[in-house]
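K.L.:
Structure supplied as query.pdb; contents: PDB, C-alpha atoms.
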ATOM      1  CA  MET A   1      79.341  -6.895  96.040
ATOM      2  CA  PRO A   2      77.835  -3.553  97.206
ATOM      3  CA  ASP A   3      75.883  -1.421  94.766
ATOM      4  CA  LEU A   4      77.750   1.799  93.951
ATOM      5  CA  HIS A   5      76.209   4.983  92.589
ATOM      6  CA  GLN A   6      77.500   8.550  92.154
ATOM      7  CA  THR A   7      76.342  10.586  94.152
ATOM      8  CA  ASP A   8      61.526  50.069  70.206
ATOM      9  CA  ALA A   9      62.858  52.869  69.338
ATOM     10  CA  LEU A  10      60.039  55.138  68.108
ATOM     11  CA  PRO A  11      59.866  55.372  64.294
ATOM     12  CA  GLN A  12      61.096  58.684  62.811
ATOM     13  CA  THR A  13      58.656  60.723  60.754
ATOM     14  CA  GLY A  14      61.314  61.715  58.206
ATOM     15  CA  SER A  15      59.922  65.299  58.099
ATOM     16  CA  SER A  16      61.700  68.375  59.415
ATOM     17  CA  CYS A  17      58.760  70.715  58.832
ATOM     18  CA  VAL A  18      55.747  70.827  61.088
ATOM     19  CA  ARG A  19      52.693  72.838  60.166
ATOM     20  CA  ASN A  20      49.800  73.999  62.271
ATOM     21  CA  GLN A  21      51.603  73.273  65.498
ATOM     22  CA  PRO A  22      49.319  73.331  68.532
ATOM     23  CA  PRO A  23      49.922  76.099  71.046
ATOM     24  CA  LYS A  24      52.530  75.412  73.696
ATOM     25  CA  PHE A  25      51.498  75.430  77.295
ATOM     26  CA  VAL A  26      53.856  76.476  80.035
ATOM     27  CA  SER A  27      53.477  74.852  83.419
ATOM     28  CA  ASN A  28      54.286  76.722  86.595
ATOM     29  CA  ALA A  29      55.048  73.454  88.390
ATOM     30  CA  HIS A  30      58.661  72.852  89.313
ATOM     31  CA  PRO A  31      60.044  69.913  87.259
ATOM     32  CA  MET A  32      61.673  68.255  90.271
ATOM     33  CA  LYS A  33      58.504  68.443  92.375
ATOM     34  CA  THR A  34      56.465  67.002  89.517
ATOM     35  CA  LYS A  35      58.936  64.140  89.113
ATOM     36  CA  LEU A  36      58.890  63.350  92.806
ATOM     37  CA  PHE A  37      55.094  63.396  92.871
ATOM     38  CA  LEU A  38      54.872  61.023  89.907
ATOM     39  CA  THR A  39      57.436  58.672  91.435
ATOM     40  CA  ALA A  40      55.570  58.526  94.722
ATOM     41  CA  PHE A  41      52.226  58.053  92.981
ATOM     42  CA  LEU A  42      53.491  55.231  90.791
ATOM     43  CA  GLY A  43      55.086  53.608  93.818
ATOM     44  CA  LEU A  44      51.773  53.601  95.668
ATOM     45  CA  VAL A  45      49.997  52.132  92.652
ATOM     46  CA  ALA A  46      52.568  49.358  92.340
ATOM     47  CA  ALA A  47      52.416  48.551  96.046
ATOM     48  CA  GLY A  48      48.635  48.401  95.946
ATOM     49  CA  ALA A  49      48.681  46.064  92.965
ATOM     50  CA  ALA A  50      51.213  43.766  94.623
ATOM     51  CA  SER A  51      49.189  43.690  97.825
ATOM     52  CA  ALA A  52      46.013  42.834  95.942
ATOM     53  CA  ALA A  53      47.771  40.095  93.999
ATOM     54  CA  SER A  54      49.135  38.611  97.211
ATOM     55  CA  ALA A  55      45.717  38.682  98.855
ATOM     56  CA  ASP A  56      44.090  37.033  95.868
ATOM     57  CA  LYS A  57      46.765  34.325  95.528
ATOM     58  CA  PRO A  58      45.504  31.057  96.999
ATOM     59  CA  ALA A  59      47.629  29.112  99.450
ATOM     60  CA  ALA A  60      49.774  26.385  97.916
ATOM     61  CA  PRO A  61      47.846  23.099  98.088
ATOM     62  CA  ILE A  62      51.006  21.215  99.088
ATOM     63  CA  GLU A  63      53.676  22.804 101.261
ATOM     64  CA  VAL A  64      56.923  21.045 102.155
ATOM     65  CA  THR A  65      59.389  22.523 104.632
ATOM     66  CA  PHE A  66      62.600  21.157 106.126
ATOM     67  CA  ILE A  67      63.175  21.859 109.810
ATOM     68  CA  ALA A  68      66.836  22.606 110.668
ATOM     69  CA  PRO A  69      68.197  20.723 107.629
ATOM     70  CA  GLU A  70      71.773  21.445 108.693
ATOM     71  CA  LYS A  71      71.209  18.965 111.534
ATOM     72  CA  PHE A  72      69.879  16.157 109.349
ATOM     73  CA  THR A  73      71.638  12.825 109.829
ATOM     74  CA  ASP A  74      72.855  12.342 106.257
ATOM     75  CA  VAL A  75      72.046  14.458 103.195
ATOM     76  CA  LYS A  76      75.621  14.628 101.953
ATOM     77  CA  ASP A  77      76.721  14.669  98.320
ATOM     78  CA  ASP A  78      80.206  13.430  99.223
ATOM     79  CA  ALA A  79      82.148  12.292 102.272
ATOM     80  CA  MET A  80      82.555  15.842 103.605
ATOM     81  CA  GLY A  81      79.195  17.250 102.512
ATOM     82  CA  THR A  82      78.390  20.814 101.416
ATOM     83  CA  ASP A  83      75.477  23.214 101.907
ATOM     84  CA  ARG A  84      75.011  23.326  98.138
ATOM     85  CA  GLY A  85      74.887  19.541  97.905
ATOM     86  CA  ARG A  86      72.443  19.295 100.803
ATOM     87  CA  ASP A  87      70.132  21.898  99.260
ATOM     88  CA  ALA A  88      70.210  20.055  95.930
ATOM     89  CA  VAL A  89      69.249  16.754  97.581
ATOM     90  CA  LEU A  90      66.426  18.285  99.608
ATOM     91  CA  GLY A  91      65.213  20.193  96.547
ATOM     92  CA  GLU A  92      64.798  16.912  94.683
ATOM     93  CA  LEU A  93      62.956  15.301  97.575
ATOM     94  CA  LYS A  94      60.652  18.314  97.920
ATOM     95  CA  GLU A  95      59.809  18.267  94.208
ATOM     96  CA  HIS A  96      59.033  14.562  94.440
ATOM     97  CA  LEU A  97      56.780  14.979  97.462
ATOM     98  CA  VAL A  98      54.825  17.835  95.869
ATOM     99  CA  THR A  99      54.396  16.012  92.555
ATOM    100  CA  GLN A 100      53.363  12.698  94.044
ATOM    101  CA  ALA A 101      51.141  14.077  96.810
ATOM    102  CA  ALA A 102      49.124  16.015  94.221
ATOM    103  CA  LYS A 103      47.795  12.682  92.964
ATOM    104  CA  TYR A 104      45.901  12.132  96.199
ATOM    105  CA  MET A 105      44.583  15.635  96.916
ATOM    106  CA  VAL A 106      41.005  16.561  96.119
ATOM    107  CA  PRO A 107      40.097  20.147  95.121
ATOM    108  CA  GLY A 108      40.247  22.490  98.098
ATOM    109  CA  GLN A 109      42.485  20.320 100.253
ATOM    110  CA  GLN A 110      45.828  21.529 101.589
ATOM    111  CA  LEU A 111      48.694  19.352 102.745
ATOM    112  CA  GLU A 112      51.491  20.550 105.014
ATOM    113  CA  ILE A 113      54.578  18.384 105.388
ATOM    114  CA  LYS A 114      57.422  19.212 107.759
ATOM    115  CA  VAL A 115      60.498  17.018 107.357
ATOM    116  CA  THR A 116      62.511  16.839 110.571
ATOM    117  CA  ASP A 117      65.269  14.397 109.595
ATOM    118  CA  VAL A 118      66.676  12.588 106.569
ATOM    119  CA  ASP A 119      69.186   9.774 106.432
ATOM    120  CA  LEU A 120      69.894   8.787 102.841
ATOM    121  CA  ALA A 121      70.313   5.177 101.799
ATOM    122  CA  GLY A 122      73.922   4.049 101.824
ATOM    123  CA  ASP A 123      76.884   5.911 103.240
ATOM    124  CA  PHE A 124      80.378   7.097 102.358
ATOM    125  CA  GLU A 125      83.329   4.967 103.413
ATOM    126  CA  PRO A 126      86.380   7.217 102.972
ATOM    127  CA  TRP A 127      88.663   4.676 104.618
ATOM    128  CA  ARG A 128      88.511   2.731 101.350
ATOM    129  CA  GLY A 129      90.735   5.415  99.813
ATOM    130  CA  PRO A 130      90.540   8.878  98.234
ATOM    131  CA  ASN A 131      88.798   7.503  95.140
ATOM    132  CA  PHE A 132      85.772   6.672  97.288
ATOM    133  CA  ASN A 133      85.178  10.154  98.741
ATOM    134  CA  ASP A 134      82.323  10.838  96.327
ATOM    135  CA  ILE A 135      80.974   7.293  96.038
ATOM    136  CA  ARG A 136      78.016   6.310  98.205
ATOM    137  CA  ILE A 137      78.208   2.658  99.260
ATOM    138  CA  VAL A 138      74.799   1.004  99.361
ATOM    139  CA  LYS A 139      74.396  -1.813 101.871
ATOM    140  CA  ASP A 140      71.523  -3.239 103.872
ATOM    141  CA  ILE A 141      73.055  -1.731 107.036
ATOM    142  CA  TYR A 142      72.475   1.758 105.567
ATOM    143  CA  PRO A 143      68.677   1.889 104.979
ATOM    144  CA  PRO A 144      66.889   5.128 104.049
ATOM    145  CA  ARG A 145      65.110   6.984 106.854
ATOM    146  CA  VAL A 146      62.845  10.046 106.834
ATOM    147  CA  ASP A 147      61.116  11.568 109.862
ATOM    148  CA  LEU A 148      58.245  13.957 109.217
ATOM    149  CA  GLU A 149      55.074  15.576 110.457
ATOM    150  CA  PHE A 150      52.023  16.241 108.319
ATOM    151  CA  ARG A 151      48.630  17.908 108.434
ATOM    152  CA  LEU A 152      45.880  17.528 105.844
ATOM    153  CA  LEU A 153      43.244  20.271 105.744
ATOM    154  CA  GLY A 154      39.873  20.030 104.055
ATOM    155  CA  ALA A 155      38.301  22.680 101.842
ATOM    156  CA  ASP A 156      36.583  24.058 104.960
ATOM    157  CA  GLY A 157      39.937  24.535 106.695
ATOM    158  CA  LYS A 158      39.325  21.775 109.218
ATOM    159  CA  VAL A 159      41.944  19.114 109.918
ATOM    160  CA  VAL A 160      41.217  15.880 108.091
ATOM    161  CA  SER A 161      44.257  14.009 109.400
ATOM    162  CA  GLU A 162      47.608  14.740 110.977
ATOM    163  CA  GLY A 163      50.466  13.003 112.662
ATOM    164  CA  LYS A 164      54.139  12.135 112.871
ATOM    165  CA  ARG A 165      55.757   9.386 110.886
ATOM    166  CA  GLN A 166      59.118   7.664 110.966
ATOM    167  CA  LEU A 167      59.629   6.150 107.542
ATOM    168  CA  ARG A 168      62.030   3.225 107.273
ATOM    169  CA  ASN A 169      62.709   0.619 104.618
ATOM    170  CA  PRO A 170      65.236  -1.955 105.869
ATOM    171  CA  ASP A 171      64.535  -4.150 102.825
ATOM    172  CA  TYR A 172      65.123  -1.364 100.303
ATOM    173  CA  LEU A 173      67.693  -3.385  98.359
ATOM    174  CA  LEU A 174      65.034  -6.017  97.640
ATOM    175  CA  THR A 175      62.677  -3.482  96.073
ATOM    176  CA  VAL A 176      62.722  -2.370  92.449
ATOM    177  CA  ALA A 177      63.144   1.410  92.578
ATOM    178  CA  ARG A 178      62.944   3.225  89.260
ATOM    179  CA  PRO A 179      64.642   4.867  87.516
ATOM    180  CA  THR A 180      67.832   3.097  88.505
ATOM    181  CA  ALA A 181      69.937   6.104  87.448
ATOM    182  CA  ASP A 182      68.217   8.316  90.048
ATOM    183  CA  ARG A 183      70.565   8.766  93.016
ATOM    184  CA  LEU A 184      67.573   9.258  95.346
ATOM    185  CA  ARG A 185      65.470   6.409  93.970
ATOM    186  CA  TYR A 186      65.273   4.541  97.296
ATOM    187  CA  GLU A 187      64.147   7.593  99.267
ATOM    188  CA  LYS A 188      61.646   8.627  96.596
ATOM    189  CA  GLU A 189      60.182   5.122  96.447
ATOM    190  CA  MET A 190      59.773   5.072 100.227
ATOM    191  CA  LEU A 191      58.077   8.490 100.211
ATOM    192  CA  SER A 192      55.783   7.426  97.360
ATOM    193  CA  ASP A 193      54.739   4.338  99.321
ATOM    194  CA  TRP A 194      53.941   6.466 102.358
ATOM    195  CA  LEU A 195      51.856   8.968 100.369
ATOM    196  CA  ARG A 196      49.952   6.170  98.681
ATOM    197  CA  GLN A 197      49.138   4.412 101.948
ATOM    198  CA  GLU A 198      48.502   7.542 104.028
ATOM    199  CA  PHE A 199      46.338   9.650 101.756
ATOM    200  CA  LYS A 200      44.597   7.318  99.352
ATOM    201  CA  ARG A 201      42.138   6.462 102.066
ATOM    202  CA  ALA A 202      41.991  10.027 103.441
ATOM    203  CA  SER A 203      41.052  11.718 100.141
TER     204      SER A 203
END
Output the file's structure in the form of structure tokens.
P.N.:
Amino acid sequence: MPDLHQTDALPQTGSSCVRNQPPKFVSNAHPMKTKLFLTAFLGLVAAGAASAASADKPAAPIEVTFIAPEKFTDVKDDAMGTDRGRDAVLGELKEHLVTQAAKYMVPGQQLEIKVTDVDLAGDFEPWRGPNFNDIRIVKDIYPPRVDLEFRLLGADGKVVSEGKRQLRNPDYLLTVARPTADRLRYEKEMLSDWLRQEFKRAS
């Protein structure tokens, strides 16, 4: 039987009498011109601060991008598939890649991963009836597949390793993927295996 899984306000002084008031000074500057000058000045200060912060911010040690995800083989959340569902699936896979890859990076290294295709484990079989439109049927004929490119840079900016990989796990139903309640457990397990084998020796 196939395995099924769902896819302050300022304080008041209280006194109405003020003694020994300092002299008042009258400015000849036009209020509107002064306001415009201050606005422009503050805008320049803010822009300069943002630019400095951006320049000082180090590059992300692990960067994951998806190339033309709308053309991926299967990242659907139901039989029809939606952009929102696809983005949710890829968001989970990206988070997993970043978290797991960090285990193998040494200080100063940067890893770039470009995912070019994803085919999730299992598939939808709507011909079974309307009650199966949001149920992904897991069989050995529907193995998980991920195609990607990667580049690992050292602290000196030089390429340590790079390449293209086609990840497949035809025996995924024989593996113990945890947690079992995770809808992407098979894909995450396959990606974890790749990271462990690819970068443990490269770090």
K.L.:
Can you pull out the residues contacting segment 190-193 of chain A? Cut-off 12 Å, using all atoms listed in the file, and skip same-chain residues under 4 positions away; I want them as a PyMOL selection string.
P.N.:
chain A and resi 93-104+113+115+118+120-121+143-148+165-173+175-178+184-186+197-200
K.L.:
To test your reading of the syntax: which residues would the PyMOL selection byres ((chain A and resi 153) around 12) return for the file shown? Reply as a PDB file with C-alpha atoms, in the coordinates of the input.
P.N.:
ATOM      1  CA  ALA A  59      47.629  29.112  99.450  1.00  0.00           C
ATOM      2  CA  ALA A  60      49.774  26.385  97.916  1.00  0.00           C
ATOM      3  CA  PRO A  61      47.846  23.099  98.088  1.00  0.00           C
ATOM      4  CA  ILE A  62      51.006  21.215  99.088  1.00  0.00           C
ATOM      5  CA  GLU A  63      53.676  22.804 101.261  1.00  0.00           C
ATOM      6  CA  MET A 105      44.583  15.635  96.916  1.00  0.00           C
ATOM      7  CA  VAL A 106      41.005  16.561  96.119  1.00  0.00           C
ATOM      8  CA  PRO A 107      40.097  20.147  95.121  1.00  0.00           C
ATOM      9  CA  GLY A 108      40.247  22.490  98.098  1.00  0.00           C
ATOM     10  CA  GLN A 109      42.485  20.320 100.253  1.00  0.00           C
ATOM     11  CA  GLN A 110      45.828  21.529 101.589  1.00  0.00           C
ATOM     12  CA  LEU A 111      48.694  19.352 102.745  1.00  0.00           C
ATOM     13  CA  GLU A 112      51.491  20.550 105.014  1.00  0.00           C
ATOM     14  CA  ILE A 113      54.578  18.384 105.388  1.00  0.00           C
ATOM     15  CA  PHE A 150      52.023  16.241 108.319  1.00  0.00           C
ATOM     16  CA  ARG A 151      48.630  17.908 108.434  1.00  0.00           C
ATOM     17  CA  LEU A 152      45.880  17.528 105.844  1.00  0.00           C
ATOM     18  CA  GLY A 154      39.873  20.030 104.055  1.00  0.00           C
ATOM     19  CA  ALA A 155      38.301  22.680 101.842  1.00  0.00           C
ATOM     20  CA  ASP A 156      36.583  24.058 104.960  1.00  0.00           C
ATOM     21  CA  GLY A 157      39.937  24.535 106.695  1.00  0.00           C
ATOM     22  CA  LYS A 158      39.325  21.775 109.218  1.00  0.00           C
ATOM     23  CA  VAL A 159      41.944  19.114 109.918  1.00  0.00           C
ATOM     24  CA  VAL A 160      41.217  15.880 108.091  1.00  0.00           C
ATOM     25  CA  SER A 161      44.257  14.009 109.400  1.00  0.00           C
ATOM     26  CA  GLU A 162      47.608  14.740 110.977  1.00  0.00           C
ATOM     27  CA  PHE A 199      46.338   9.650 101.756  1.00  0.00           C
ATOM     28  CA  ALA A 202      41.991  10.027 103.441  1.00  0.00           C
ATOM     29  CA  SER A 203      41.052  11.718 100.141  1.00  0.00           C
TER      30      SER A 203
END
K.L.:
Have a look at A:Lys188, A:Lys139, A:Lys164, A:Thr180 and name the one nearest to Leu90 of chain A; count all atoms listed in the file.
P.N.:
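Looking at the shortest contact to Leu90 of chain A, the residue is A:Lys188.
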K.L.:
Kindly give the distance, in Å, that separates atom CA of Ala79 of chain A and atom CA of Ile141 of chain A, rounded to a single decimal.
P.N.:
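For atom CA of Ala79 of chain A relative to atom CA of Ile141 of chain A, the distance reads 17.4 Å.
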K.L.:
Distance atom CA of Ile137 of chain A-atom CA of Thr116 of chain A, one decimal place?
P.N.:
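Separation between atom CA of Ile137 of chain A and atom CA of Thr116 of chain A: 24.0 Å.
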K.L.:
As an exercise, work out the distance from atom CA of Ala181 of chain A to atom CA of Asp77 of chain A in Å and give it to one decimal place.
P.N.:
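Distance between the two atoms: 15.4 Å.
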